[in-house]
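See structure below.
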Amino acid sequence: MTKKLFVPAAVSALVLSMSLFCGCKKAEQGSSLPAPTVNAITVIQQDLPWDIEYPAQVAGSLEIQIRAQVGGILQARLYNEGEYVKEGTQLFQIDDKEYKVALEKAQGALSQAQAEERRTQRTYARMKRLRADNAVSQQDYDNALSAYETAQANVKVAKAGVSDAEINLGYTKVTAPISGIAGKEAQSVGSLISPAGESGFLTTMVQINPLYVNFSMPSRQFEKLAAGFVSGQISIGTATQQDKLDAAKYRQTDVSEVPMYVEVILNNGKIYPEKGKIIFFDSTENTQTSSLAMKAEFANPTNSRALMPGQFVRVRLVGAVYRNAILIPSSALLNTTQGLVAYVVDANNTIVARPVQAQLQDDMYIVTDGLKAGERILREGLIKVRPGQQVQVAMQDFKVGTAKEEVQPLTQNGRSVAKLEEEIEASEAPDAQALPQEAPQAAPAEPNTADASQQTPAAASAQPAAQQTPAAQPAQPAPAAQADAPAAK
């Protein structure tokens, strides 16, 4: 009876003691957790260059088609496709034999007309003297005058025929009407050319000095820029350049003095060295894209191939400055369903959620509402904490970088694509250098039965072992060190 009462009492005492021990352990663990450490920065306020970037496409200032103006057999192509040619350079030669014959015929007809003109002139002069003496009738005098006037008109017609024949003969030499890059031939040598048909198209030419860059500005961004300029929040150019914002003055101002200019960012991240000036601003909005079309002009004095017509690049508008902008890094805001939220650290090191309004530029936000300069906010790890939580703050520096990309040097004199490709290939490492170098295989020696018979077994077994041993075999730990390792652990 005593044993039956003792067992339940012992079990109850054991369960009670375990529950008390676990409760004390949890309380001890809860009270020992320290406040997490977070990285925070101070909200700064300063002037920020508002450099806006857009995708763009390069175009030549003149893009024309070269067409034959006379028919015939295409005899020769006198330029290298894709090279820069100067105005007046002959590009093609069309068979000119029949045009030389036509010119000779026209010149002969002119000689006949001039001879007839001289004959009728002599007749008219004689009739004029005889008419003064009433030696001939008025009818004879009038006929002589009419014949002379007709001969003069025939001379003019013959001269026009000679000019027409000379023009047609000159058209057999197809020359470049502009300076630029000549494209690929559309008709091969030996083809029959007809100026009225599609075969009259020979090639294209593109003028690359200056160059045009076409891009579009979103209408919403234009509204913000215009509203900020009117309110004074955004300034464009210096105080001395403000009067040059007038359209008439802006077009006459050199690109080095305009209040806002355009930079081209190449595909490799470099900046094209020449600055551009906006020369076209569409007056109507594109309803399909909600944007305004714009065009900038860039000089290309060395006919460089750094920018090519048809190339896709990025452009940056430089000159607008956001005055007294409140700036924070892009990682300091949390994008929620209610909008952007920043976690502010108050004086008691407590997290406070603050809704803000901001616009993104590069890797930072320009805050328009919700934060003030000097406040502390979390820089990163916003999803790891919650509002109202006590934290330990580790302050970090936050500065606005001003470094720009390196200017891309220009290539000289409009070198051909083939020349540029040769230079690129010459600068690249051969494939053999990019692959692991294998040890050269020794040429197989002729079998020598005498030497093989004289070789000792030890030497024969040592040679394969030496070949199989790696050159950089990692050292194995000594047996003593291996034995001590468990003790050190």
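Letters A, B, ... go to the chains of the structure tokens in the order shown; residues in each chain start at 1; ligands are counted from 1 in the same order.
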All residues 7 Å or closer to Ala353 of chain A, only C-alpha atoms, same chain fewer than 6 positions away omitted, as a list in words: Val341, Ala342, Tyr343, Val344 and Pro387 of chain A
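Across the model, the gap from atom CA of Gln57 of chain A to atom CA of Arg314 of chain A is 8.0 Å.
Minimum atom-to-atom distance to Gly374 of chain A, evaluated using only C-alpha atoms, belongs to A:Phe398 out of A:Lys224, A:Leu169, A:Phe398, A:Gln90.
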